[in-house]
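Note sheet for the following structure.
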Amino acid sequence: MARKGILSSEISKPDRTRATPPAPSRGAVGALQSSLTKLQENAVQEIDANLIDDAGIEDRLGLDPAAQQQLVESLKTYGQQVPVLLRPNTSKPGRYEIVYGRRRLKALKSLGQPVKAMIRQLDDHALVMAQGQENTARQDLSFIEKASFAAQLHSMEYDRQTIAAALSIDLPMLSRMLKVGTAFPLPFLRDIGSAPSIGRDRWMALARALEQEGVRARVSAFMQGPDFIKGDSDARFEAVFARATTAPETRKAPPAKPRTLRSTSGKAVADIRANAKGVTLNIPARTAEGFDVWVNSNAEALLGELHDRWEKERSEDT
């Protein structure tokens with residue numbers, strides 16, 4: 001099925017309004033409650049995967065089916081070794097929202113296994129910080145995934161200091177990431193995928209190419225076609241890059257066919273061909289019986305006479 005609006009979709013701004021966790025009680029009771037809360041947050045619990053909803057920022061641009069299957073097999077054989085992080089879903093009591101560990105959650109859900117998780121009370125700001133710092137520690141997150149993560153935070157009006165802190169980068173690096181991440185709509189990046197081998201320079205080159213007249217439409221048509229989904233995400237980037245940076249072939253008009261000039265008796269005496277460059281007269285020597293030599297000797301007079309005739313007819317027409 002064709003995908004629509006690949007290069008024109010906007011990133012929707014999720015609702016950042018969240019209920020703030022209630023302030024702890026004062027005194028001995030409050031201290032006890034705070035201690036119990038900390039113990040609970042540090043404890044690993046088993047949660048039904050069907051009780052966990054999505055939350056936070058989209059940090060992965062699609063999942064590699066082969067890598068995901070390897071994760072499923074690993075969890076099936078060795079079990080879950082690293083817990084995910086959840087927060088309570090304040091709008092749906094008894095349910096939770098994923099902070100990080102989406103791949104593990106998806107794999108465990110497919111296996112029908114409970115999810116080992118730590119549960120913490122996090123507002124949206126703390127969620128973004130936790131997710132960003134987890135992303136920084138992961139070696140398999142590609143450049144464009146990090147840039148897209150930064151761009152999504154920017155679209156949600158987080159300030160640059162917060163975004164830089166979430167990704168553990170300085171402000172100059174953040175500026176470079178945002179320049180790339182904000183150049184592409186999120187649906188477009190999802191369709192290409194993580195492209196782990198593609199760095200900032202190639203993504204910027206693609207962004208510049210897409211600014212050229214007619215290139216976006218050409219790339220969009222290609223990405224909606226049946227040939228685009230072949231190959232991994234690096235190959236998809238290369239295919240899109242090639243479409244964006246290579247001018248489409250223009251079909252050359254077939255050469256004009258010559259027409260035969262004949263004498264009053266019907267004998268073929270010459271071929272004449274007209275094209276954008278001019279008119280060419282060809283008198284084949286093998287059949288000319290000397291006519292070609294005669295025309296060559298009298299060409300000046302013959303053409304002069306034809307030109308005079310043309311000028312006379314042109315003046316009469318005007």
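Here's how to read the names in the structure tokens: chain A, B, ... by the order shown, residue numbers from 1 in each chain, ligand numbers from 1 in the order shown.
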
Expected answer as a ChimeraX atom specification: strand (DSSP E) residues in segment 146-282 of chain A | /A:259-262,268-275,278-282

Taking C-alpha atoms for each residue, export the selection above as a PDB file, in the first residue's frame.
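This went into again-v3.pdb:
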ATOM      1  CA  ARG A 259      13.341  12.240 -46.947  1.00  0.00           C
ATOM      2  CA  THR A 260      14.221  11.391 -50.506  1.00  0.00           C
ATOM      3  CA  LEU A 261      14.305  14.050 -53.219  1.00  0.00           C
ATOM      4  CA  ARG A 262      13.393  12.782 -56.660  1.00  0.00           C
ATOM      5  CA  ALA A 268      15.984   9.306 -56.303  1.00  0.00           C
ATOM      6  CA  VAL A 269      18.727  11.899 -56.544  1.00  0.00           C
ATOM      7  CA  ALA A 270      19.369  13.048 -52.929  1.00  0.00           C
ATOM      8  CA  ASP A 271      18.382  12.761 -49.266  1.00  0.00           C
ATOM      9  CA  ILE A 272      17.527  15.793 -47.170  1.00  0.00           C
ATOM     10  CA  ARG A 273      17.384  15.799 -43.346  1.00  0.00           C
ATOM     11  CA  ALA A 274      16.136  18.621 -41.108  1.00  0.00           C
ATOM     12  CA  ASN A 275      16.733  18.869 -37.342  1.00  0.00           C
ATOM     13  CA  GLY A 278      19.848  22.782 -39.552  1.00  0.00           C
ATOM     14  CA  VAL A 279      19.271  21.106 -42.912  1.00  0.00           C
ATOM     15  CA  THR A 280      21.602  18.546 -44.459  1.00  0.00           C
ATOM     16  CA  LEU A 281      21.566  17.577 -48.125  1.00  0.00           C
ATOM     17  CA  ASN A 282      23.242  14.328 -49.120  1.00  0.00           C
TER      18      ASN A 282
END

For Val82 of chain A, work out the shell of residues within 12 Å, counting only C-alpha atoms and skipping chain neighbours fewer than 4 positions away, then give it as a PDB file with C-alpha atoms, in the first residue's frame.
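After the write, result-v2.pdb holds the following:
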ATOM      1  CA  VAL A  44      12.631  -5.225  40.483  1.00  0.00           C
ATOM      2  CA  GLN A  45       9.031  -6.309  39.983  1.00  0.00           C
ATOM      3  CA  LEU A  75      15.274 -13.889  26.230  1.00  0.00           C
ATOM      4  CA  TYR A  78      18.513 -17.013  29.118  1.00  0.00           C
ATOM      5  CA  TYR A 100      13.081   2.723  28.312  1.00  0.00           C
ATOM      6  CA  GLY A 101      13.408  -0.904  27.269  1.00  0.00           C
ATOM      7  CA  ARG A 103      12.697  -3.695  22.463  1.00  0.00           C
ATOM      8  CA  ARG A 104      12.741  -5.928  25.519  1.00  0.00           C
ATOM      9  CA  LEU A 105       9.073  -5.149  26.170  1.00  0.00           C
ATOM     10  CA  VAL A 115       8.400  -7.997  32.288  1.00  0.00           C
ATOM     11  CA  LYS A 116      11.003  -7.441  34.987  1.00  0.00           C
ATOM     12  CA  ALA A 117      10.864  -3.739  35.701  1.00  0.00           C
ATOM     13  CA  MET A 118      11.789  -0.966  38.068  1.00  0.00           C
TER      14      MET A 118
END

Identify all residues of segment 61-186 of chain A in alpha helix (DSSP H) (DSSP on the backbone) and supply them as a ChimeraX atom specification.
-> /A:65-78,102-111,124-137,143-155,160-167,171-181,186

Do a neighbour search on Arg190 of chain A at 9 Å with only C-alpha atoms, toss out local chain neighbours closer than 4 positions, and write the hits as a VMD selection string.
-> chain A and resid 60 to 62 185 to 186 194

Which is closer to Leu167 of chain A than all the others in A:Ala256, A:Ala183, A:Met129, A:Ala107, using only C-alpha atoms?
->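 Counting only C-alpha atoms, the residue closest to Leu167 of chain A is A:Met129.
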
Of the residues A:Pro255, A:Ile57, A:Ser110, A:Lys230, which is the one nearest to Glu73 of chain A, using only C-alpha atoms?
->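 Smallest distance to Glu73 of chain A is found for A:Ser110.
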
Pick the closest to Ser142 of chain A from A:Pro114, A:Gly193, A:Pro226, A:Pro172: which is it, counting only C-alpha atoms?
-> A:Gly193

Find, counting only C-alpha atoms, the residue in A:Glu145, A:Glu300, A:Asp234, A:Asp227 that gets nearest to Gly181 of chain A.
->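 Among the listed residues, A:Glu145 lies closest to Gly181 of chain A.
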